[in-house]
file run_19.pdb (PDB, C-alpha atoms)
ATOM      1  CA  MET S   1      70.347  53.555  77.080
ATOM      2  CA  ASN S   2      67.026  54.787  75.761
ATOM      3  CA  PRO S   3      65.721  58.314  76.491
ATOM      4  CA  GLN S   4      63.345  57.105  79.239
ATOM      5  CA  GLU S   5      66.156  55.273  81.061
ATOM      6  CA  THR S   6      68.354  58.345  80.781
ATOM      7  CA  SER S   7      65.576  60.526  82.166
ATOM      8  CA  ASP S   8      64.929  58.116  85.044
ATOM      9  CA  LEU S   9      68.633  57.965  85.871
ATOM     10  CA  LEU S  10      68.917  61.750  85.840
ATOM     11  CA  ALA S  11      65.879  62.069  88.141
ATOM     12  CA  ALA S  12      67.345  59.492  90.547
ATOM     13  CA  LEU S  13      70.675  61.320  90.604
ATOM     14  CA  MET S  14      68.928  64.623  91.330
ATOM     15  CA  ARG S  15      67.017  63.013  94.233
ATOM     16  CA  GLN S  16      70.262  61.544  95.537
ATOM     17  CA  GLU S  17      71.976  64.946  95.351
ATOM     18  CA  GLU S  18      69.128  66.555  97.304
ATOM     19  CA  LEU S  19      69.301  63.841  99.976
ATOM     20  CA  LEU S  20      73.067  64.324 100.273
ATOM     21  CA  LYS S  21      72.582  68.076 100.723
ATOM     22  CA  GLN S  22      70.047  67.412 103.491
ATOM     23  CA  LEU S  23      72.415  64.955 105.161
ATOM     24  CA  VAL S  24      75.319  67.424 105.085
ATOM     25  CA  ALA S  25      73.070  70.158 106.487
ATOM     26  CA  ALA S  26      72.007  67.840 109.334
ATOM     27  CA  ILE S  27      75.622  66.918 110.124
ATOM     28  CA  ASN S  28      76.708  70.560 110.202
ATOM     29  CA  LYS S  29      74.014  71.668 112.652
ATOM     30  CA  PRO S  30      75.368  72.941 115.969
ATOM     31  CA  LYS S  31      74.905  70.919 119.133
ATOM     32  CA  LEU S  32      71.938  72.052 121.171
ATOM     33  CA  GLY S  33      71.791  72.297 124.949
ATOM     34  CA  LEU S  34      74.652  72.364 127.394
ATOM     35  CA  HIS S  35      78.092  71.272 126.308
ATOM     36  CA  SER S  36      81.742  72.277 126.600
ATOM     37  CA  GLU S  37      82.567  72.629 122.934
ATOM     38  CA  ALA S  38      81.845  76.252 122.048
ATOM     39  CA  GLY S  39      84.133  77.821 119.503
ATOM     40  CA  ASN S  40      87.229  76.448 117.891
ATOM     41  CA  CYS S  41      89.930  74.402 119.527
ATOM     42  CA  LYS S  42      93.416  75.475 118.458
ATOM     43  CA  ILE S  43      96.104  72.812 118.620
ATOM     44  CA  TYR S  44      99.791  73.670 118.280
ATOM     45  CA  CYS S  45     101.721  70.966 116.456
ATOM     46  CA  ASN S  46     105.235  70.894 117.819
ATOM     47  CA  ARG S  47     107.176  69.190 120.574
ATOM     48  CA  GLN S  48     108.082  72.369 122.415
ATOM     49  CA  HIS S  49     106.290  71.410 125.645
ATOM     50  CA  GLY S  50     107.212  67.732 125.857
ATOM     51  CA  GLY S  51     104.248  66.158 124.047
ATOM     52  CA  LEU S  52     103.430  65.855 120.362
ATOM     53  CA  TRP S  53     100.857  68.645 120.322
ATOM     54  CA  TYR S  54      99.233  70.953 122.834
ATOM     55  CA  THR S  55      96.592  73.611 123.449
ATOM     56  CA  LEU S  56      96.981  76.927 125.217
ATOM     57  CA  ASN S  57      94.526  77.993 127.874
ATOM     58  CA  GLY S  58      96.901  80.333 129.628
ATOM     59  CA  GLU S  59      99.390  77.508 130.130
ATOM     60  CA  PRO S  60     100.360  74.830 127.572
ATOM     61  CA  SER S  61      98.372  71.631 128.010
ATOM     62  CA  ASP S  62      99.404  68.430 126.226
ATOM     63  CA  VAL S  63      96.788  66.790 124.047
ATOM     64  CA  PRO S  64      96.887  63.142 125.150
ATOM     65  CA  GLN S  65      95.109  61.781 122.066
ATOM     66  CA  THR S  66      97.471  60.552 119.375
ATOM     67  CA  ALA S  67      95.322  61.261 116.294
ATOM     68  CA  LEU S  68      92.573  63.560 115.032
ATOM     69  CA  THR S  69      89.934  62.340 112.583
ATOM     70  CA  GLY S  70      87.633  64.695 110.727
ATOM     71  CA  TYR S  71      86.897  66.485 107.487
ATOM     72  CA  LEU S  72      89.649  68.680 106.059
ATOM     73  CA  LYS S  73      87.942  72.032 105.507
ATOM     74  CA  GLU S  74      90.764  74.455 104.831
ATOM     75  CA  LEU S  75      94.513  74.923 104.497
ATOM     76  CA  ARG S  76      95.947  78.413 104.750
ATOM     77  CA  PHE S  77      99.132  80.239 105.590
ATOM     78  CA  GLU S  78      99.002  83.122 108.023
ATOM     79  CA  ASN S  79     101.654  85.581 109.121
ATOM     80  CA  THR S  80     101.634  86.047 112.872
ATOM     81  CA  GLU S  81     103.869  87.235 115.671
ATOM     82  CA  ARG S  82     105.430  84.681 118.017
ATOM     83  CA  ARG S  83     108.048  85.547 120.631
ATOM     84  CA  LYS S  84     108.158  89.103 119.253
ATOM     85  CA  LYS S  85     109.105  87.856 115.754
ATOM     86  CA  GLU S  86     107.042  87.799 112.554
ATOM     87  CA  THR S  87     106.564  84.211 111.417
ATOM     88  CA  CYS S  88     104.450  82.257 108.942
ATOM     89  CA  LYS S  89     102.203  79.422 110.132
ATOM     90  CA  LEU S  90     100.208  76.755 108.321
ATOM     91  CA  LEU S  91      96.661  76.558 109.674
ATOM     92  CA  ILE S  92      94.767  73.316 109.057
ATOM     93  CA  THR S  93      91.023  73.392 109.753
ATOM     94  CA  ILE S  94      89.433  70.040 110.594
ATOM     95  CA  GLN S  95      85.700  69.646 111.214
ATOM     96  CA  ALA S  96      84.985  66.835 113.671
ATOM     97  CA  ASP S  97      82.940  66.892 116.881
ATOM     98  CA  ARG S  98      83.907  70.585 116.812
ATOM     99  CA  THR S  99      86.183  72.716 114.665
ATOM    100  CA  TYR S 100      89.881  72.120 115.273
ATOM    101  CA  ILE S 101      92.528  74.473 113.938
ATOM    102  CA  LEU S 102      95.985  72.949 113.892
ATOM    103  CA  GLU S 103      98.917  75.345 113.717
ATOM    104  CA  SER S 104     102.400  74.455 112.556
ATOM    105  CA  GLY S 105     105.362  76.401 111.244
ATOM    106  CA  TYR S 106     105.145  76.679 107.465
ATOM    107  CA  ASP S 107     108.518  75.008 106.944
ATOM    108  CA  THR S 108     108.351  72.283 109.608
ATOM    109  CA  HIS S 109     108.370  68.580 108.853
ATOM    110  CA  PHE S 110     104.804  68.418 110.219
ATOM    111  CA  SER S 111     103.603  70.917 107.592
ATOM    112  CA  LYS S 112     105.712  69.451 104.802
ATOM    113  CA  SER S 113     104.573  65.864 105.403
ATOM    114  CA  LEU S 114     100.912  66.932 105.674
ATOM    115  CA  LEU S 115     100.980  69.100 102.530
ATOM    116  CA  THR S 116     102.820  66.450 100.529
ATOM    117  CA  ALA S 117     100.257  63.811 101.499
ATOM    118  CA  ILE S 118      97.231  66.025 100.801
ATOM    119  CA  ALA S 119      98.675  67.003  97.412
ATOM    120  CA  THR S 120      98.582  63.325  96.341
ATOM    121  CA  LEU S 121      94.876  62.925  97.125
ATOM    122  CA  THR S 122      91.821  63.520  94.963
ATOM    123  CA  PRO S 123      88.897  65.702  96.044
ATOM    124  CA  GLU S 124      86.777  62.538  96.265
ATOM    125  CA  GLN S 125      89.118  61.080  98.887
ATOM    126  CA  LEU S 126      88.486  64.147 101.044
ATOM    127  CA  TYR S 127      84.712  63.553 101.010
ATOM    128  CA  SER S 128      85.444  61.100 103.812
ATOM    129  CA  PRO S 129      87.143  61.956 107.081
ATOM    130  CA  ILE S 130      90.914  61.790 107.204
ATOM    131  CA  THR S 131      93.081  61.086 110.213
ATOM    132  CA  LEU S 132      96.088  63.208 111.138
ATOM    133  CA  GLN S 133      98.632  61.555 113.397
ATOM    134  CA  PRO S 134     101.588  63.512 114.788
ATOM    135  CA  THR S 135     104.645  61.307 114.700
ATOM    136  CA  PRO S 136     107.918  62.110 116.484
ATOM    137  CA  GLY S 137     111.199  62.040 114.641
ATOM    138  CA  THR S 138     113.493  59.228 115.701
ATOM    139  CA  SER S 139     116.866  60.960 115.695
ATOM    140  CA  ASP S 140     115.902  64.490 116.772
ATOM    141  CA  GLU S 141     113.764  65.241 119.837
ATOM    142  CA  SER S 142     112.375  68.425 118.265
ATOM    143  CA  VAL S 143     111.167  66.931 114.951
ATOM    144  CA  LEU S 144     107.478  66.167 114.433
ATOM    145  CA  PHE S 145     106.001  64.623 111.286
ATOM    146  CA  CYS S 146     102.350  64.213 110.299
ATOM    147  CA  ARG S 147     100.979  60.922 109.040
ATOM    148  CA  VAL S 148      97.807  61.247 106.980
ATOM    149  CA  TRP S 149      95.355  58.365 106.816
ATOM    150  CA  VAL S 150      92.391  58.020 104.455
ATOM    151  CA  GLY S 151      90.263  55.338 106.054
ATOM    152  CA  SER S 152      92.701  52.621 107.074
ATOM    153  CA  GLU S 153      95.213  53.495 104.351
ATOM    154  CA  LEU S 154      98.332  55.479 105.194
ATOM    155  CA  VAL S 155      99.015  58.074 102.490
ATOM    156  CA  MET S 156     102.580  57.513 101.390
ATOM    157  CA  ALA S 157     104.186  60.716 100.136
ATOM    158  CA  SER S 158     107.802  61.735 100.389
ATOM    159  CA  TYR S 159     109.711  64.956  99.907
ATOM    160  CA  ASN S 160     113.316  66.054  99.775
ATOM    161  CA  GLU S 161     115.419  69.174  99.293
ATOM    162  CA  GLN S 162     114.475  69.388  95.593
ATOM    163  CA  THR S 163     110.718  69.367  96.279
ATOM    164  CA  ASN S 164     108.922  72.293  94.667
ATOM    165  CA  TRP S 165     106.951  73.570  97.679
ATOM    166  CA  GLN S 166     105.007  76.140  95.679
ATOM    167  CA  GLU S 167     103.694  73.309  93.485
ATOM    168  CA  ILE S 168     102.900  71.079  96.490
ATOM    169  CA  TRP S 169     101.084  73.899  98.291
ATOM    170  CA  GLU S 170      99.041  74.827  95.206
ATOM    171  CA  GLN S 171      98.028  71.186  94.620
ATOM    172  CA  ALA S 172      97.100  70.588  98.280
ATOM    173  CA  LEU S 173      95.061  73.800  98.331
ATOM    174  CA  ALA S 174      93.330  72.938  95.035
ATOM    175  CA  VAL S 175      92.371  69.438  96.224
ATOM    176  CA  THR S 176      91.029  70.803  99.528
ATOM    177  CA  LYS S 177      89.045  73.591  97.863
ATOM    178  CA  ALA S 178      87.605  71.261  95.222
ATOM    179  CA  ALA S 179      86.503  68.724  97.853
ATOM    180  CA  ASN S 180      84.727  71.377  99.896
ATOM    181  CA  GLU S 181      83.091  73.110  96.925
ATOM    182  CA  ILE S 182      81.659  69.870  95.582
ATOM    183  CA  ALA S 183      80.820  67.967  98.745
ATOM    184  CA  PHE S 184      79.802  70.746 101.069
TER     185      PHE S 184
END
call {"tool": "encode", "arguments": {"input": "run_19.pdb", "output": "C-alpha cells"}}
result
Amino acid sequence: MNPQETSDLLAALMRQEELLKQLVAAINKPKLGLHSEAGNCKIYCNRQHGGLWYTLNGEPSDVPQTALTGYLKELRFENTERRKKETCKLLITIQADRTYILESGYDTHFSKSLLTAIATLTPEQLYSPITLQPTPGTSDESVLFCRVWVGSELVMASYNEQTNWQEIWEQALAVTKAANEIAF
C-alpha cells in the first residue's frame, strides 16, 4: 500500500468510527413522551415461584417470555440480605428496550452456565445483542440453567466440580468490560 492509500484508509476508518459513535449515541437516547418503561426492571432468575423467572412488584409475578435479548453491559457480584441472611448474588445488566437487571445466586447453575458461556466469548461477539434463555433442569424441579445465544448460535460451554470459578469469573468480567469500553 502506498502512503496515499494508507492515508485514505485511515481517514475512512476515522469517519466510520465517528459514525458508529453517533449511532450508539442515538440508540442510547431515552424514549420521549409517555411510556411505561421508566427505570430498571429487575428479574429474579430462579424457580421459586413456579415459573422460570419473575419480577417483584409487591407480589412475585412470573415473566411469561422465555428469553431476553439485549446488550450485555455489566456483570457484578453483590452481597445482599435475603430472608434475614447475608447472601451473594450475581447481577447481570442487559440493555434492551429498557435496562434489565437479572439476579441469581452466585453459585446457582443459572449463574455458572451464564458465566461459563460468557467467558468463552470475545469482546467482538458482545458488540451484538446476546440472548439469555432460562432453561429448567430435567431431574430437579428447583434447578435453572441459562442458555446463552450469540445470534442464532448457542454458546456451548460446560463446567464441572473441578472448574476454577475465580478464573471463569475473571474472564467473563474481562470480556464484558472490554466489549463495553471499545464498543460503547
call {"tool": "atom_distance", "arguments": {"input": "run_19.pdb", "atom1": "CA of Leu144 in chain S", "atom2": "CA of Ser61 in chain S"}}
result
17.2 Å
call {"tool": "resolve_selection", "arguments": {"input": "run_19.pdb", "expression": "the PyMOL selection byres ((chain S and resi 95-101) around 9)", "output": "list of chain:residue names"}}
result
S:Pro30, S:Glu37, S:Ala38, S:Gly39, S:Asn40, S:Cys41, S:Lys42, S:Ile43, S:Tyr44, S:Leu68, S:Thr69, S:Gly70, S:Tyr71, S:Leu72, S:Lys73, S:Leu91, S:Ile92, S:Thr93, S:Ile94, S:Leu102, S:Glu103, S:Pro129
call {"tool": "atom_distance", "arguments": {"input": "run_19.pdb", "atom1": "CA of Asp107 in chain S", "atom2": "CA of Gly51 in chain S"}}
result
19.7 Å
call {"tool": "residues_around", "arguments": {"input": "run_19.pdb", "residues": "range 110-125 of chain S", "least_positions_apart": "5", "cutoff": "6 Å", "atoms": "all atoms listed in the file", "output": "PyMOL selection string"}}
result
chain S and resi 144-146+155+157+168+171-172+175+178-179
call {"tool": "residues_near_point", "arguments": {"input": "run_19.pdb", "point": "(104.5, 63.4, 115.6)", "cutoff": "8 Å", "atoms": "all atoms listed in the file", "output": "MDAnalysis selection string"}}
result
chainID S and resid 46 52:53 110 133:137 143:147
call {"tool": "closest_residue", "arguments": {"input": "run_19.pdb", "among": "S:Pro60, S:Lys84, S:Glu141, S:Leu132", "to": "Arg47 in chain S", "atoms": "all atoms listed in the file"}}
result
S:Glu141
call {"tool": "atom_distance", "arguments": {"input": "run_19.pdb", "atom1": "CA of Leu126 in chain S", "atom2": "CA of Leu173 in chain S"}}
result
12.0 Å
call {"tool": "closest_residue", "arguments": {"input": "run_19.pdb", "among": "S:Thr87, S:Gln22, S:Ser128, S:Thr66", "to": "Asn180 in chain S", "atoms": "all atoms listed in the file"}}
result
S:Ser128
call {"tool": "residues_around", "arguments": {"input": "run_19.pdb", "residues": "Leu90 in chain S", "least_positions_apart": "3", "cutoff": "6 Å", "atoms": "only C-alpha atoms", "output": "PyMOL selection string"}}
result
chain S and resi 76-77+103-106
